[in-house]
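See structure below.
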Amino acid sequence: MIQIRHALRRAPLLTQTHLSPASSARQLPKAFISTGPQQQDGTFYEFRTYCIHPHLNAAFLKLTSEKISLRTAHSELLGYWSVEYGGLNQVFHIWKYESYAQRAAVRAALARDPNWMEEYISKAMPMLSSQDNEVTYLVPWSTIKKPSKEGGVYELVSFQMKPGGPAVWGPTFQGAVGAHSAPGYAHPVGVFHSEFGLLNRVHVLWWYESADHRASIRHTAHSDPRVVAAVRQSVSYLESQKNKLLFPCAYSPLK
């Protein structure tokens, strides 16, 4: 009995010795402890994609052009585009919010706004076949960088990454983006990481002077050994990717 009591007294000490934080940190890979740099503020960006009935596409764009001011009176619009390639009869728009509480307040205010509901929502909703949204944050090393001039085209490239978060694939992905942007091949408007929607997804919004400029630049970039090496490193963390070429609408802040 004395030996049993002695063993029980020693058990907590043995547990502390073998399972101390320092010991655990040495045994567990970093990726299991943290998914990487955390969001430092509440600002997020809501991606919204609307699919329009083909025969009503022109009517929807005209209505939105006439009534978008009713919506932007409530919160900040970053950009509004029609999808030219990579999706037919679609529009894509990005809205900026400082917090989830702000977004909830904006949505409540819109629901109470008779002009918005009667002049836009009641007419626009029957024109749509589907709606989708996604909440994203800027990755820690990215900021919104507007193009130096207006009149270009935008490309939204969406990467489905392997699970693990930025701690696993962040440095190599940043290297791949930098390999394209540093030599001036393309202008990155922003790099976004999904929070709600399909997880482990990263979006890069690029700007080009024109669709032909993009085609020429990509041909040159793919011959650059720096780009090739960076892409080869990041592709090991990639599951799939897709892209869309976007034409900014006249009322889009990003043109």
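Letters for chains follow the order of the structure tokens (A, B, ...), residue numbers begin at 1 for each chain, and ligand numbers begin at 1 in the order shown.
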
(message) So that I can check the surroundings of segment 90-106 of chain A, please list as a list in words every protein, DNA and RNA residue that reaches within 6 Å of it, counting only C-alpha atoms and ignoring chain neighbours fewer than 4 positions away.
(response) Gly42, Thr43, Phe44, Tyr45, Glu46, Phe47, Arg48, Thr49, Tyr50, Cys51, Ile52, Glu76, Leu77, Leu78, Gly79, Tyr80, Trp81, Ser82 and Val83 of chain A

(message) Just want the 9 Å neighbourhood of segment 108-125 of chain A, counted on only C-alpha atoms, with same-chain residues fewer than 2 positions away dropped. Output as a VMD selection string.
(response) chain A and resid 59 to 60 63 to 64 67 to 68 70 to 71 74 103 to 106 127 to 129

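Pairwise distance (atom CA of Lys162 of chain A, atom CA of His203 of chain A) equals 14.2 Å.
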
(request) Check segment 127-186 of chain A with DSSP on the backbone and list each residue it calls strand (DSSP E or B), as a PyMOL selection string. (result) chain A and resi 128-138+153-161

Residue selection dump (N, CA and C atoms) as a PDB file, in the first residue's frame:
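So the final result, stored in result-v8.pdb, reads:
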ATOM      1  N   LEU A 128     -32.198  36.298 -61.681  1.00  0.00           N
ATOM      2  CA  LEU A 128     -31.058  35.469 -61.278  1.00  0.00           C
ATOM      3  C   LEU A 128     -31.451  33.999 -61.199  1.00  0.00           C
ATOM      4  N   SER A 129     -30.535  33.152 -61.621  1.00  0.00           N
ATOM      5  CA  SER A 129     -30.735  31.704 -61.481  1.00  0.00           C
ATOM      6  C   SER A 129     -30.077  31.162 -60.220  1.00  0.00           C
ATOM      7  N   SER A 130     -29.050  31.863 -59.711  1.00  0.00           N
ATOM      8  CA  SER A 130     -28.395  31.444 -58.458  1.00  0.00           C
ATOM      9  C   SER A 130     -27.528  32.572 -57.925  1.00  0.00           C
ATOM     10  N   GLN A 131     -27.217  32.476 -56.632  1.00  0.00           N
ATOM     11  CA  GLN A 131     -26.317  33.410 -55.970  1.00  0.00           C
ATOM     12  C   GLN A 131     -25.351  32.616 -55.097  1.00  0.00           C
ATOM     13  N   ASP A 132     -24.140  33.129 -54.957  1.00  0.00           N
ATOM     14  CA  ASP A 132     -23.154  32.487 -54.086  1.00  0.00           C
ATOM     15  C   ASP A 132     -22.317  33.568 -53.428  1.00  0.00           C
ATOM     16  N   ASN A 133     -21.878  33.306 -52.199  1.00  0.00           N
ATOM     17  CA  ASN A 133     -20.979  34.257 -51.549  1.00  0.00           C
ATOM     18  C   ASN A 133     -19.895  33.528 -50.779  1.00  0.00           C
ATOM     19  N   GLU A 134     -18.848  34.250 -50.480  1.00  0.00           N
ATOM     20  CA  GLU A 134     -17.691  33.703 -49.774  1.00  0.00           C
ATOM     21  C   GLU A 134     -17.072  34.834 -48.962  1.00  0.00           C
ATOM     22  N   VAL A 135     -16.736  34.564 -47.716  1.00  0.00           N
ATOM     23  CA  VAL A 135     -16.066  35.546 -46.868  1.00  0.00           C
ATOM     24  C   VAL A 135     -14.565  35.282 -46.938  1.00  0.00           C
ATOM     25  N   THR A 136     -13.801  36.334 -47.213  1.00  0.00           N
ATOM     26  CA  THR A 136     -12.349  36.199 -47.332  1.00  0.00           C
ATOM     27  C   THR A 136     -11.643  37.287 -46.540  1.00  0.00           C
ATOM     28  N   TYR A 137     -10.408  36.982 -46.165  1.00  0.00           N
ATOM     29  CA  TYR A 137      -9.496  37.963 -45.580  1.00  0.00           C
ATOM     30  C   TYR A 137      -8.314  38.145 -46.524  1.00  0.00           C
ATOM     31  N   LEU A 138      -7.723  39.308 -46.509  1.00  0.00           N
ATOM     32  CA  LEU A 138      -6.441  39.461 -47.171  1.00  0.00           C
ATOM     33  C   LEU A 138      -5.410  38.622 -46.431  1.00  0.00           C
ATOM     34  N   VAL A 153      -8.380  44.971 -67.718  1.00  0.00           N
ATOM     35  CA  VAL A 153      -9.192  43.801 -67.400  1.00  0.00           C
ATOM     36  C   VAL A 153      -8.611  43.151 -66.154  1.00  0.00           C
ATOM     37  N   TYR A 154      -9.436  42.340 -65.500  1.00  0.00           N
ATOM     38  CA  TYR A 154      -9.026  41.680 -64.264  1.00  0.00           C
ATOM     39  C   TYR A 154      -9.142  40.168 -64.444  1.00  0.00           C
ATOM     40  N   GLU A 155      -8.255  39.473 -63.774  1.00  0.00           N
ATOM     41  CA  GLU A 155      -8.315  38.013 -63.754  1.00  0.00           C
ATOM     42  C   GLU A 155      -8.394  37.556 -62.304  1.00  0.00           C
ATOM     43  N   LEU A 156      -9.431  36.793 -61.977  1.00  0.00           N
ATOM     44  CA  LEU A 156      -9.546  36.194 -60.650  1.00  0.00           C
ATOM     45  C   LEU A 156      -9.106  34.737 -60.770  1.00  0.00           C
ATOM     46  N   VAL A 157      -7.995  34.411 -60.132  1.00  0.00           N
ATOM     47  CA  VAL A 157      -7.478  33.049 -60.143  1.00  0.00           C
ATOM     48  C   VAL A 157      -7.702  32.451 -58.755  1.00  0.00           C
ATOM     49  N   SER A 158      -8.401  31.330 -58.710  1.00  0.00           N
ATOM     50  CA  SER A 158      -8.756  30.685 -57.442  1.00  0.00           C
ATOM     51  C   SER A 158      -7.998  29.368 -57.319  1.00  0.00           C
ATOM     52  N   PHE A 159      -7.270  29.221 -56.220  1.00  0.00           N
ATOM     53  CA  PHE A 159      -6.456  28.041 -55.969  1.00  0.00           C
ATOM     54  C   PHE A 159      -7.037  27.253 -54.803  1.00  0.00           C
ATOM     55  N   GLN A 160      -7.321  25.999 -55.014  1.00  0.00           N
ATOM     56  CA  GLN A 160      -7.736  25.115 -53.933  1.00  0.00           C
ATOM     57  C   GLN A 160      -6.491  24.436 -53.388  1.00  0.00           C
ATOM     58  N   MET A 161      -6.093  24.823 -52.161  1.00  0.00           N
ATOM     59  CA  MET A 161      -4.852  24.326 -51.572  1.00  0.00           C
ATOM     60  C   MET A 161      -5.122  23.102 -50.699  1.00  0.00           C
TER      61      MET A 161
END

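Ranking A:Ile217, A:Ile144, A:Pro171, A:Gly197 by their shortest atom-to-atom distance to Tyr185 of chain A, with only C-alpha atoms included, puts A:Ile217 first.
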
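Residue neighbourhood of segment 181-184 of chain A, excluding near-sequence residues (fewer than 2 positions): Gly175, Ala176, Val177, Gly178, Ala179, Ala186, His187, Pro188, Trp206, Ile217, Ala221, Asp224, Arg226 and Val227 of chain A, at 10 Å, using only C-alpha atoms.
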
File dump, residues just selected, N, CA and C atoms, as a compact mmCIF listing (two decimals), in the first residue's frame:
# COMPACT_ATOMS: atom_id res chain seq x y z
N GLY A 175 5.91 33.21 -52.69
CA GLY A 175 7.00 33.24 -53.65
C GLY A 175 6.52 33.18 -55.08
N ALA A 176 5.48 32.38 -55.32
CA ALA A 176 4.95 32.26 -56.67
C ALA A 176 4.28 33.57 -57.12
N VAL A 177 3.54 34.22 -56.21
CA VAL A 177 2.91 35.50 -56.54
C VAL A 177 3.99 36.55 -56.80
N GLY A 178 5.00 36.57 -55.94
CA GLY A 178 6.09 37.53 -56.12
C GLY A 178 6.86 37.34 -57.40
N ALA A 179 7.03 36.08 -57.81
CA ALA A 179 7.75 35.80 -59.05
C ALA A 179 7.03 36.38 -60.26
N ALA A 186 2.60 41.11 -63.99
CA ALA A 186 1.19 41.37 -63.70
C ALA A 186 1.10 42.19 -62.43
N HIS A 187 -0.04 42.87 -62.29
CA HIS A 187 -0.27 43.71 -61.10
C HIS A 187 -1.24 42.99 -60.16
N PRO A 188 -0.77 42.58 -58.96
CA PRO A 188 -1.69 41.93 -58.01
C PRO A 188 -2.51 42.95 -57.24
N TRP A 206 -5.72 39.74 -60.29
CA TRP A 206 -4.69 40.39 -61.10
C TRP A 206 -5.32 41.43 -62.02
N ILE A 217 1.93 38.55 -71.81
CA ILE A 217 2.70 38.52 -70.56
C ILE A 217 2.87 37.09 -70.07
N ALA A 221 6.27 35.20 -69.18
CA ALA A 221 6.50 34.74 -67.80
C ALA A 221 6.81 33.26 -67.74
N ASP A 224 10.38 32.42 -68.06
CA ASP A 224 11.28 32.97 -67.03
C ASP A 224 11.61 31.88 -66.03
N ARG A 226 12.77 32.00 -63.10
CA ARG A 226 12.36 32.36 -61.74
C ARG A 226 10.90 32.00 -61.51
N VAL A 227 10.07 32.26 -62.50
CA VAL A 227 8.65 31.93 -62.40
C VAL A 227 8.46 30.42 -62.40

(request) Name the residues of segment 78-169 of chain A that come out as alpha helix (DSSP H) in a backbone DSSP run; write them as an MDAnalysis selection string. (result) chainID A and resid 100:112 114:116 122:124 166:169

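Nearest residue to Lys146 of chain A among A:Thr172, A:Trp207, A:Ser240, A:Gln233 is A:Trp207, counting only C-alpha atoms.
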
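Among the candidates A:Asn200, A:Glu209, A:Leu56, A:Ser194, the one nearest to Pro147 of chain A when counting only C-alpha atoms is A:Glu209.
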
(message) Here is a test: counting only C-alpha atoms, which residue of A:Leu61, A:Ala167, A:Leu198, A:Leu88 is nearest to Leu246 of chain A?
(response) A:Leu88

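Going from atom CA of Glu66 of chain A to atom CA of Phe247 of chain A covers 18.0 Å.
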